[in-house]
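Engineer: So I've got this file, my_file-v9.txt, and it contains compact mmCIF, N, CA and C atoms and all ligand atoms:
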```txt
# COMPACT_ATOMS: atom_id res chain seq x y z
N MET C 7 119.82 71.63 79.67
CA MET C 7 120.44 72.79 80.32
C MET C 7 119.46 73.95 80.35
N THR C 8 118.93 74.28 79.19
CA THR C 8 117.98 75.37 79.13
C THR C 8 116.77 75.09 80.01
N GLU C 9 116.35 73.84 79.96
CA GLU C 9 115.18 73.46 80.75
C GLU C 9 115.46 73.63 82.24
N ALA C 10 116.67 73.23 82.64
CA ALA C 10 117.04 73.35 84.05
C ALA C 10 117.07 74.81 84.48
N VAL C 11 117.61 75.63 83.61
CA VAL C 11 117.68 77.06 83.92
C VAL C 11 116.28 77.64 84.04
N THR C 12 115.43 77.26 83.10
CA THR C 12 114.06 77.75 83.12
C THR C 12 113.35 77.32 84.40
N ARG C 13 113.56 76.06 84.75
CA ARG C 13 112.89 75.55 85.95
C ARG C 13 113.41 76.28 87.18
N ALA C 14 114.71 76.48 87.23
CA ALA C 14 115.30 77.18 88.38
C ALA C 14 114.77 78.60 88.47
N ALA C 15 114.63 79.23 87.30
CA ALA C 15 114.13 80.60 87.29
C ALA C 15 112.69 80.65 87.76
N ARG C 16 111.94 79.59 87.44
CA ARG C 16 110.53 79.58 87.79
C ARG C 16 110.33 79.30 89.28
N THR C 17 111.16 78.43 89.81
CA THR C 17 110.94 78.02 91.19
C THR C 17 111.80 78.83 92.16
N GLY C 18 113.00 79.22 91.71
CA GLY C 18 113.90 79.95 92.60
C GLY C 18 113.48 81.39 92.73
N ARG C 19 112.90 81.76 93.81
CA ARG C 19 112.44 83.13 93.97
C ARG C 19 113.45 83.97 94.75
N ALA C 20 114.62 83.40 94.97
CA ALA C 20 115.65 84.14 95.69
C ALA C 20 116.30 85.16 94.76
N VAL C 21 117.51 85.52 95.06
CA VAL C 21 118.21 86.50 94.23
C VAL C 21 118.44 85.92 92.84
N PRO C 22 117.99 86.64 91.83
CA PRO C 22 118.18 86.13 90.47
C PRO C 22 119.65 86.07 90.09
N ASP C 23 119.95 85.16 89.20
CA ASP C 23 121.31 85.01 88.70
C ASP C 23 121.44 85.85 87.44
N ALA C 24 122.51 86.61 87.34
CA ALA C 24 122.67 87.49 86.18
C ALA C 24 122.69 86.71 84.88
N ARG C 25 123.14 85.46 84.94
CA ARG C 25 123.27 84.69 83.70
C ARG C 25 121.96 84.04 83.29
N SER C 26 121.00 83.98 84.22
CA SER C 26 119.71 83.40 83.84
C SER C 26 118.62 84.39 84.19
N PRO C 27 118.19 85.16 83.21
CA PRO C 27 117.16 86.17 83.44
C PRO C 27 115.97 85.59 84.17
N SER C 28 115.47 86.32 85.11
CA SER C 28 114.40 85.81 85.94
C SER C 28 113.06 86.37 85.49
N PRO C 29 112.19 85.50 84.98
CA PRO C 29 110.87 85.99 84.58
C PRO C 29 110.16 86.56 85.80
N ALA C 30 109.54 87.69 85.63
CA ALA C 30 108.89 88.32 86.76
C ALA C 30 107.61 89.00 86.31
N THR C 31 106.76 89.26 87.26
CA THR C 31 105.55 90.01 87.00
C THR C 31 105.66 91.32 87.75
N CYS C 32 105.44 92.41 87.06
CA CYS C 32 105.57 93.72 87.69
C CYS C 32 104.53 93.88 88.79
N GLY C 33 105.00 94.26 89.97
CA GLY C 33 104.09 94.43 91.09
C GLY C 33 103.17 95.63 90.94
N ALA C 34 103.56 96.55 90.08
CA ALA C 34 102.77 97.78 89.93
C ALA C 34 101.66 97.63 88.89
N CYS C 35 101.90 96.85 87.83
CA CYS C 35 100.91 96.80 86.75
C CYS C 35 100.58 95.39 86.30
N GLY C 36 101.34 94.39 86.74
CA GLY C 36 101.02 93.02 86.39
C GLY C 36 101.58 92.55 85.06
N ALA C 37 102.39 93.39 84.41
CA ALA C 37 102.98 93.00 83.13
C ALA C 37 104.12 92.01 83.36
N ASP C 38 104.36 91.21 82.33
CA ASP C 38 105.47 90.26 82.38
C ASP C 38 106.72 90.90 81.81
N ALA C 39 107.83 90.69 82.48
CA ALA C 39 109.12 91.17 82.00
C ALA C 39 110.19 90.29 82.61
N ASP C 40 111.42 90.50 82.20
CA ASP C 40 112.53 89.71 82.73
C ASP C 40 113.46 90.62 83.52
N TRP C 41 113.87 90.13 84.68
CA TRP C 41 114.90 90.84 85.44
C TRP C 41 116.26 90.56 84.81
N HIS C 42 117.01 91.62 84.58
CA HIS C 42 118.39 91.47 84.14
C HIS C 42 119.26 92.36 85.01
N ARG C 43 120.47 91.89 85.25
CA ARG C 43 121.41 92.70 86.01
C ARG C 43 122.16 93.61 85.07
N THR C 44 122.38 94.84 85.50
CA THR C 44 123.13 95.78 84.66
C THR C 44 124.61 95.67 84.97
N VAL C 45 125.41 96.32 84.13
CA VAL C 45 126.85 96.30 84.34
C VAL C 45 127.21 96.97 85.66
N ARG C 46 126.32 97.82 86.16
CA ARG C 46 126.59 98.50 87.44
C ARG C 46 126.07 97.72 88.62
N GLY C 47 125.49 96.56 88.38
CA GLY C 47 125.02 95.73 89.48
C GLY C 47 123.60 96.04 89.92
N ARG C 48 122.93 96.96 89.24
CA ARG C 48 121.53 97.19 89.54
C ARG C 48 120.70 96.14 88.80
N TRP C 49 119.41 96.12 89.08
CA TRP C 49 118.53 95.20 88.37
C TRP C 49 117.47 96.01 87.64
N VAL C 50 117.22 95.63 86.40
CA VAL C 50 116.16 96.29 85.65
C VAL C 50 115.23 95.24 85.08
N MET C 51 113.97 95.60 84.96
CA MET C 51 113.02 94.75 84.26
C MET C 51 113.04 95.15 82.80
N ILE C 52 113.37 94.18 81.96
CA ILE C 52 113.45 94.44 80.52
C ILE C 52 112.20 93.89 79.85
N GLU C 53 111.59 94.72 79.03
CA GLU C 53 110.40 94.33 78.29
C GLU C 53 110.72 93.20 77.32
N PRO C 54 109.78 92.28 77.15
CA PRO C 54 109.96 91.27 76.11
C PRO C 54 109.90 91.92 74.73
N GLY C 55 110.65 91.39 73.80
CA GLY C 55 110.59 91.88 72.43
C GLY C 55 111.52 93.05 72.17
N GLU C 56 111.77 93.29 70.90
CA GLU C 56 112.69 94.35 70.51
C GLU C 56 111.93 95.45 69.79
N LEU C 57 112.50 96.64 69.81
CA LEU C 57 111.91 97.79 69.13
C LEU C 57 112.95 98.36 68.17
N PRO C 58 112.48 99.04 67.13
CA PRO C 58 113.44 99.76 66.27
C PRO C 58 114.16 100.81 67.10
N ALA C 59 115.47 100.78 67.11
CA ALA C 59 116.24 101.67 67.98
C ALA C 59 115.95 103.14 67.68
N ARG C 60 115.64 103.46 66.42
CA ARG C 60 115.49 104.87 66.06
C ARG C 60 114.27 105.52 66.70
N VAL C 61 113.28 104.71 67.12
CA VAL C 61 112.10 105.31 67.73
C VAL C 61 112.20 105.35 69.25
N VAL C 62 113.25 104.77 69.79
CA VAL C 62 113.43 104.76 71.24
C VAL C 62 114.42 105.86 71.61
N PRO C 63 114.05 106.73 72.56
CA PRO C 63 114.96 107.82 72.90
C PRO C 63 116.28 107.32 73.48
N ALA C 64 117.34 108.06 73.19
CA ALA C 64 118.64 107.75 73.78
C ALA C 64 118.50 107.72 75.29
N GLY C 65 119.11 106.76 75.91
CA GLY C 65 118.99 106.62 77.36
C GLY C 65 117.99 105.56 77.74
N SER C 66 117.04 105.28 76.84
CA SER C 66 116.06 104.23 77.10
C SER C 66 116.35 102.97 76.28
N ARG C 67 117.46 103.01 75.53
CA ARG C 67 117.83 101.86 74.70
C ARG C 67 118.68 100.88 75.50
N TRP C 68 118.23 99.65 75.50
CA TRP C 68 118.96 98.61 76.22
C TRP C 68 119.28 97.45 75.28
N ARG C 69 120.33 96.74 75.64
CA ARG C 69 120.68 95.54 74.94
C ARG C 69 120.98 94.49 76.01
N VAL C 70 120.58 93.26 75.75
CA VAL C 70 120.91 92.19 76.68
C VAL C 70 122.07 91.40 76.09
N ALA C 71 123.18 91.42 76.79
CA ALA C 71 124.38 90.74 76.31
C ALA C 71 124.19 89.23 76.38
N GLY C 72 125.11 88.52 75.77
CA GLY C 72 125.03 87.07 75.72
C GLY C 72 125.01 86.43 77.09
N ASP C 73 125.59 87.10 78.08
CA ASP C 73 125.61 86.52 79.43
C ASP C 73 124.43 86.97 80.27
N GLY C 74 123.48 87.69 79.64
CA GLY C 74 122.28 88.11 80.36
C GLY C 74 122.38 89.48 80.99
N THR C 75 123.54 90.11 80.87
CA THR C 75 123.70 91.44 81.45
C THR C 75 123.00 92.48 80.59
N ALA C 76 122.22 93.34 81.24
CA ALA C 76 121.55 94.42 80.53
C ALA C 76 122.50 95.60 80.41
N VAL C 77 122.64 96.10 79.18
CA VAL C 77 123.55 97.20 78.91
C VAL C 77 122.75 98.38 78.38
N ASN C 78 122.83 99.52 79.07
CA ASN C 78 122.18 100.72 78.55
C ASN C 78 123.05 101.30 77.46
N LEU C 79 122.46 101.50 76.29
CA LEU C 79 123.23 101.90 75.12
C LEU C 79 123.49 103.39 75.06
N GLY C 80 122.77 104.16 75.88
CA GLY C 80 122.92 105.60 75.78
C GLY C 80 122.55 106.05 74.39
N PRO C 81 123.28 106.99 73.82
CA PRO C 81 122.94 107.47 72.47
C PRO C 81 123.41 106.54 71.37
N ALA C 82 124.14 105.50 71.70
CA ALA C 82 124.68 104.61 70.66
C ALA C 82 123.59 103.77 70.03
N VAL C 83 123.72 103.53 68.74
CA VAL C 83 122.79 102.66 68.03
C VAL C 83 123.61 101.61 67.28
N PRO C 84 124.04 100.58 68.00
CA PRO C 84 124.91 99.58 67.38
C PRO C 84 124.15 98.61 66.48
N SER C 85 122.83 98.59 66.59
CA SER C 85 122.06 97.71 65.73
C SER C 85 120.72 98.36 65.45
N ASP C 86 119.92 97.72 64.64
CA ASP C 86 118.64 98.32 64.25
C ASP C 86 117.60 98.23 65.35
N THR C 87 117.80 97.32 66.26
CA THR C 87 116.79 97.12 67.28
C THR C 87 117.40 97.23 68.67
N CYS C 88 116.53 97.45 69.64
CA CYS C 88 116.98 97.49 71.02
C CYS C 88 115.84 97.03 71.91
N ARG C 89 116.14 96.87 73.16
CA ARG C 89 115.12 96.54 74.14
C ARG C 89 114.82 97.79 74.96
N VAL C 90 113.73 97.76 75.70
CA VAL C 90 113.45 98.86 76.62
C VAL C 90 113.17 98.30 78.00
N SER C 91 113.44 99.14 79.00
CA SER C 91 113.16 98.75 80.37
C SER C 91 111.67 98.87 80.65
N HIS C 92 111.15 97.92 81.39
CA HIS C 92 109.74 98.03 81.78
C HIS C 92 109.50 99.28 82.60
N PHE C 93 110.52 99.72 83.32
CA PHE C 93 110.36 100.91 84.17
C PHE C 93 109.99 102.14 83.35
N ASP C 94 110.38 102.15 82.07
CA ASP C 94 110.06 103.30 81.22
C ASP C 94 108.65 103.24 80.66
N VAL C 95 108.01 102.09 80.77
CA VAL C 95 106.69 101.96 80.15
C VAL C 95 105.64 101.45 81.14
N CYS C 96 105.99 101.41 82.42
CA CYS C 96 105.06 100.88 83.42
C CYS C 96 103.99 101.91 83.76
N PRO C 97 102.72 101.57 83.62
CA PRO C 97 101.66 102.52 83.97
C PRO C 97 101.63 102.85 85.46
N GLY C 98 102.35 102.07 86.27
CA GLY C 98 102.42 102.36 87.70
C GLY C 98 103.49 103.39 88.04
N ARG C 99 104.17 103.87 87.01
CA ARG C 99 105.22 104.87 87.20
C ARG C 99 104.89 106.11 86.38
N PRO C 100 105.59 107.22 86.63
CA PRO C 100 105.34 108.43 85.85
C PRO C 100 105.53 108.17 84.36
N ALA C 101 104.70 108.80 83.55
CA ALA C 101 104.75 108.59 82.11
C ALA C 101 106.06 109.12 81.53
N PRO C 102 106.61 108.40 80.55
CA PRO C 102 107.80 108.92 79.86
C PRO C 102 107.41 110.13 79.02
N THR C 103 108.31 111.06 78.88
CA THR C 103 108.00 112.27 78.11
C THR C 103 108.69 112.23 76.75
N GLY C 104 107.96 112.69 75.76
CA GLY C 104 108.56 112.87 74.44
C GLY C 104 108.93 111.60 73.72
N ALA C 105 108.30 110.49 74.06
CA ALA C 105 108.63 109.23 73.41
C ALA C 105 107.34 108.48 73.08
N PRO C 106 106.78 108.76 71.89
CA PRO C 106 105.49 108.15 71.53
C PRO C 106 105.49 106.63 71.64
N VAL C 107 106.60 105.99 71.28
CA VAL C 107 106.60 104.52 71.29
C VAL C 107 106.53 104.00 72.72
N LEU C 108 107.20 104.71 73.64
CA LEU C 108 107.14 104.28 75.04
C LEU C 108 105.76 104.54 75.63
N LEU C 109 105.16 105.66 75.25
CA LEU C 109 103.81 105.96 75.72
C LEU C 109 102.81 104.92 75.20
N ALA C 110 103.02 104.48 73.95
CA ALA C 110 102.13 103.48 73.37
C ALA C 110 102.25 102.16 74.12
N LEU C 111 103.46 101.77 74.43
CA LEU C 111 103.67 100.54 75.20
C LEU C 111 103.01 100.66 76.57
N ARG C 112 103.18 101.83 77.18
CA ARG C 112 102.62 102.07 78.50
C ARG C 112 101.09 101.97 78.46
N ARG C 113 100.50 102.57 77.41
CA ARG C 113 99.05 102.47 77.27
C ARG C 113 98.61 101.01 77.12
N GLY C 114 99.41 100.24 76.38
CA GLY C 114 99.09 98.82 76.19
C GLY C 114 99.06 98.08 77.52
N HIS C 115 100.03 98.36 78.36
CA HIS C 115 100.07 97.72 79.68
C HIS C 115 98.86 98.17 80.51
N ALA C 116 98.56 99.45 80.46
CA ALA C 116 97.47 99.99 81.26
C ALA C 116 96.15 99.35 80.84
N ARG C 117 95.99 99.16 79.52
CA ARG C 117 94.75 98.59 79.01
C ARG C 117 94.59 97.15 79.49
N ARG C 118 95.70 96.42 79.49
CA ARG C 118 95.62 95.01 79.84
C ARG C 118 95.26 94.80 81.31
N THR C 119 95.63 95.75 82.14
CA THR C 119 95.43 95.55 83.57
C THR C 119 94.10 96.12 84.05
N THR C 120 93.38 96.78 83.15
CA THR C 120 92.10 97.34 83.59
C THR C 120 90.95 96.48 83.11
ZN ZN M 1 104.68 97.65 85.56
```
Just give me the structure as structure tokens.
Structural biologist:
Amino acid sequence: MTEAVTRAARTGRAVPDARSPSPATCGACGADADWHRTVRGRWVMIEPGELPARVVPAGSRWRVAGDGTAVNLGPAVPSDTCRVSHFDVCPGRPAPTGAPVLLALRRGHARRTT
């Protein structure tokens, strides 16, 4: 099952399925991230890996639910870790302000692509 989903995600370049995150490469910087659908029906690229929630500014904290839906946590900190959107750390986008951890991630992406 997992293998089938992975294969479908790799070959199916059509509209991603909310239940099977679609691996993608950012067109702006070349970083790898996963597309997830939000509760509002938008799509966000979520960075691989988790970060300590306390170092991520409120509004940039995301959680991926069991069904693959990306949930913005806002100021809530329901667990010790959270995910971040690639959009917040993409060197092809305006730099995030006041968030050293996001700036560090962004620098990491910028370094890899140069
Ligand atoms: Zn990017």
Engineer: Please identify the residues whose atoms come within 8 Å of ligand ZN 1 (chain M), using all atoms listed in the file, and report them as number ranges by chain.
Structural biologist: C: 31-38, 92-93, 95-99, 115
Engineer: Considering only C-alpha atoms, can you say which of C:Gly114, C:Pro54, C:Pro29, C:Pro106 comes closest to Val70 in chain C?
Structural biologist: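 Of C:Gly114, C:Pro54, C:Pro29, C:Pro106, the one nearest Val70 in chain C is C:Pro54, counting only C-alpha atoms.
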Engineer: Please indicate the distance in Å from CA of Ala59 in chain C to atom N of Gly104 in chain C, rounded to one decimal place.
Structural biologist: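 About the pair CA of Ala59 in chain C and atom N of Gly104 in chain C: they are 15.8 Å apart.
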Engineer: Determine the nearest neighbour of Ala82 in chain C from the options C:Pro100, C:Arg67, C:Asp94, C:Arg117, counting all atoms listed in the file.
Structural biologist: C:Arg67
Engineer: What's around range 48-52 of chain C at 7 Å? Count only C-alpha atoms, leave out sequence neighbours fewer than 2 positions away in its own chain, and write the answer as a count of residues only.
Structural biologist: 13
Engineer: Using Å and a single decimal, report how far atom C of Ala71 in chain C sits from atom C of Pro102 in chain C.
Structural biologist: 26.9 Å
Engineer: Please list, as a ChimeraX atom specification, the residues that have an atom at most 8 Å away from (113.1, 98.1, 70.4) in the coordinates of this file, counting all atoms listed in the file.
Structural biologist: /C:55-62,67-68,86-90
Engineer: At what distance in Å, to one decimal, does atom N of Arg118 in chain C lie from atom N of Thr75 in chain C?
Structural biologist: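 We find that atom N of Thr75 in chain C and atom N of Arg118 in chain C lie 28.6 Å from each other.
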Engineer: Set the distance at 6.5 Å and use all atoms listed in the file: which residues neighbour Gly65 in chain C once local chain neighbours fewer than 5 positions away are removed? I'd like the list as a count of residues only.
Structural biologist: 4
Engineer: Can you give me N, CA, C and O atoms for range 54-74 of chain C, written as a PDB file, in the coordinates of the input?
Structural biologist:
```pdb
ATOM      1  N   PRO C  54     109.780  92.280  77.150  1.00  0.00           N
ATOM      2  CA  PRO C  54     109.960  91.270  76.110  1.00  0.00           C
ATOM      3  C   PRO C  54     109.900  91.920  74.730  1.00  0.00           C
ATOM      4  O   PRO C  54     109.184  92.900  74.541  1.00  0.00           O
ATOM      5  N   GLY C  55     110.650  91.390  73.800  1.00  0.00           N
ATOM      6  CA  GLY C  55     110.590  91.880  72.430  1.00  0.00           C
ATOM      7  C   GLY C  55     111.520  93.050  72.170  1.00  0.00           C
ATOM      8  O   GLY C  55     112.028  93.663  73.103  1.00  0.00           O
ATOM      9  N   GLU C  56     111.770  93.290  70.900  1.00  0.00           N
ATOM     10  CA  GLU C  56     112.690  94.350  70.510  1.00  0.00           C
ATOM     11  C   GLU C  56     111.930  95.450  69.790  1.00  0.00           C
ATOM     12  O   GLU C  56     110.862  95.232  69.232  1.00  0.00           O
ATOM     13  N   LEU C  57     112.500  96.640  69.810  1.00  0.00           N
ATOM     14  CA  LEU C  57     111.910  97.790  69.130  1.00  0.00           C
ATOM     15  C   LEU C  57     112.950  98.360  68.170  1.00  0.00           C
ATOM     16  O   LEU C  57     114.150  98.216  68.406  1.00  0.00           O
ATOM     17  N   PRO C  58     112.480  99.040  67.130  1.00  0.00           N
ATOM     18  CA  PRO C  58     113.440  99.760  66.270  1.00  0.00           C
ATOM     19  C   PRO C  58     114.160 100.810  67.100  1.00  0.00           C
ATOM     20  O   PRO C  58     113.515 101.650  67.731  1.00  0.00           O
ATOM     21  N   ALA C  59     115.470 100.780  67.110  1.00  0.00           N
ATOM     22  CA  ALA C  59     116.240 101.670  67.980  1.00  0.00           C
ATOM     23  C   ALA C  59     115.950 103.140  67.680  1.00  0.00           C
ATOM     24  O   ALA C  59     115.980 103.977  68.578  1.00  0.00           O
ATOM     25  N   ARG C  60     115.640 103.460  66.420  1.00  0.00           N
ATOM     26  CA  ARG C  60     115.490 104.870  66.060  1.00  0.00           C
ATOM     27  C   ARG C  60     114.270 105.520  66.700  1.00  0.00           C
ATOM     28  O   ARG C  60     114.206 106.740  66.799  1.00  0.00           O
ATOM     29  N   VAL C  61     113.280 104.710  67.120  1.00  0.00           N
ATOM     30  CA  VAL C  61     112.100 105.310  67.730  1.00  0.00           C
ATOM     31  C   VAL C  61     112.200 105.350  69.250  1.00  0.00           C
ATOM     32  O   VAL C  61     111.328 105.895  69.926  1.00  0.00           O
ATOM     33  N   VAL C  62     113.250 104.770  69.790  1.00  0.00           N
ATOM     34  CA  VAL C  62     113.430 104.760  71.240  1.00  0.00           C
ATOM     35  C   VAL C  62     114.420 105.860  71.610  1.00  0.00           C
ATOM     36  O   VAL C  62     115.498 105.946  71.022  1.00  0.00           O
ATOM     37  N   PRO C  63     114.050 106.730  72.560  1.00  0.00           N
ATOM     38  CA  PRO C  63     114.960 107.820  72.900  1.00  0.00           C
ATOM     39  C   PRO C  63     116.280 107.320  73.480  1.00  0.00           C
ATOM     40  O   PRO C  63     116.314 106.283  74.159  1.00  0.00           O
ATOM     41  N   ALA C  64     117.340 108.060  73.190  1.00  0.00           N
ATOM     42  CA  ALA C  64     118.640 107.750  73.780  1.00  0.00           C
ATOM     43  C   ALA C  64     118.500 107.720  75.290  1.00  0.00           C
ATOM     44  O   ALA C  64     117.806 108.546  75.875  1.00  0.00           O
ATOM     45  N   GLY C  65     119.110 106.760  75.910  1.00  0.00           N
ATOM     46  CA  GLY C  65     118.990 106.620  77.360  1.00  0.00           C
ATOM     47  C   GLY C  65     117.990 105.560  77.740  1.00  0.00           C
ATOM     48  O   GLY C  65     118.041 105.004  78.826  1.00  0.00           O
ATOM     49  N   SER C  66     117.040 105.280  76.840  1.00  0.00           N
ATOM     50  CA  SER C  66     116.060 104.230  77.100  1.00  0.00           C
ATOM     51  C   SER C  66     116.350 102.970  76.280  1.00  0.00           C
ATOM     52  O   SER C  66     115.571 102.037  76.297  1.00  0.00           O
ATOM     53  N   ARG C  67     117.460 103.010  75.530  1.00  0.00           N
ATOM     54  CA  ARG C  67     117.830 101.860  74.700  1.00  0.00           C
ATOM     55  C   ARG C  67     118.680 100.880  75.500  1.00  0.00           C
ATOM     56  O   ARG C  67     119.696 101.261  76.076  1.00  0.00           O
ATOM     57  N   TRP C  68     118.230  99.650  75.500  1.00  0.00           N
ATOM     58  CA  TRP C  68     118.960  98.610  76.220  1.00  0.00           C
ATOM     59  C   TRP C  68     119.280  97.450  75.280  1.00  0.00           C
ATOM     60  O   TRP C  68     118.585  97.222  74.298  1.00  0.00           O
ATOM     61  N   ARG C  69     120.330  96.740  75.640  1.00  0.00           N
ATOM     62  CA  ARG C  69     120.680  95.540  74.940  1.00  0.00           C
ATOM     63  C   ARG C  69     120.980  94.490  76.010  1.00  0.00           C
ATOM     64  O   ARG C  69     121.536  94.822  77.046  1.00  0.00           O
ATOM     65  N   VAL C  70     120.580  93.260  75.750  1.00  0.00           N
ATOM     66  CA  VAL C  70     120.910  92.190  76.680  1.00  0.00           C
ATOM     67  C   VAL C  70     122.070  91.400  76.090  1.00  0.00           C
ATOM     68  O   VAL C  70     121.956  90.832  75.002  1.00  0.00           O
ATOM     69  N   ALA C  71     123.180  91.420  76.790  1.00  0.00           N
ATOM     70  CA  ALA C  71     124.380  90.740  76.310  1.00  0.00           C
ATOM     71  C   ALA C  71     124.190  89.230  76.380  1.00  0.00           C
ATOM     72  O   ALA C  71     123.241  88.727  77.000  1.00  0.00           O
ATOM     73  N   GLY C  72     125.110  88.520  75.770  1.00  0.00           N
ATOM     74  CA  GLY C  72     125.030  87.070  75.720  1.00  0.00           C
ATOM     75  C   GLY C  72     125.010  86.430  77.090  1.00  0.00           C
ATOM     76  O   GLY C  72     124.473  85.328  77.265  1.00  0.00           O
ATOM     77  N   ASP C  73     125.590  87.100  78.080  1.00  0.00           N
ATOM     78  CA  ASP C  73     125.610  86.520  79.430  1.00  0.00           C
ATOM     79  C   ASP C  73     124.430  86.970  80.270  1.00  0.00           C
ATOM     80  O   ASP C  73     124.360  86.721  81.461  1.00  0.00           O
ATOM     81  N   GLY C  74     123.480  87.690  79.640  1.00  0.00           N
ATOM     82  CA  GLY C  74     122.280  88.110  80.360  1.00  0.00           C
ATOM     83  C   GLY C  74     122.380  89.480  80.990  1.00  0.00           C
ATOM     84  O   GLY C  74     121.415  89.975  81.549  1.00  0.00           O
TER      85      GLY C  74
END
```
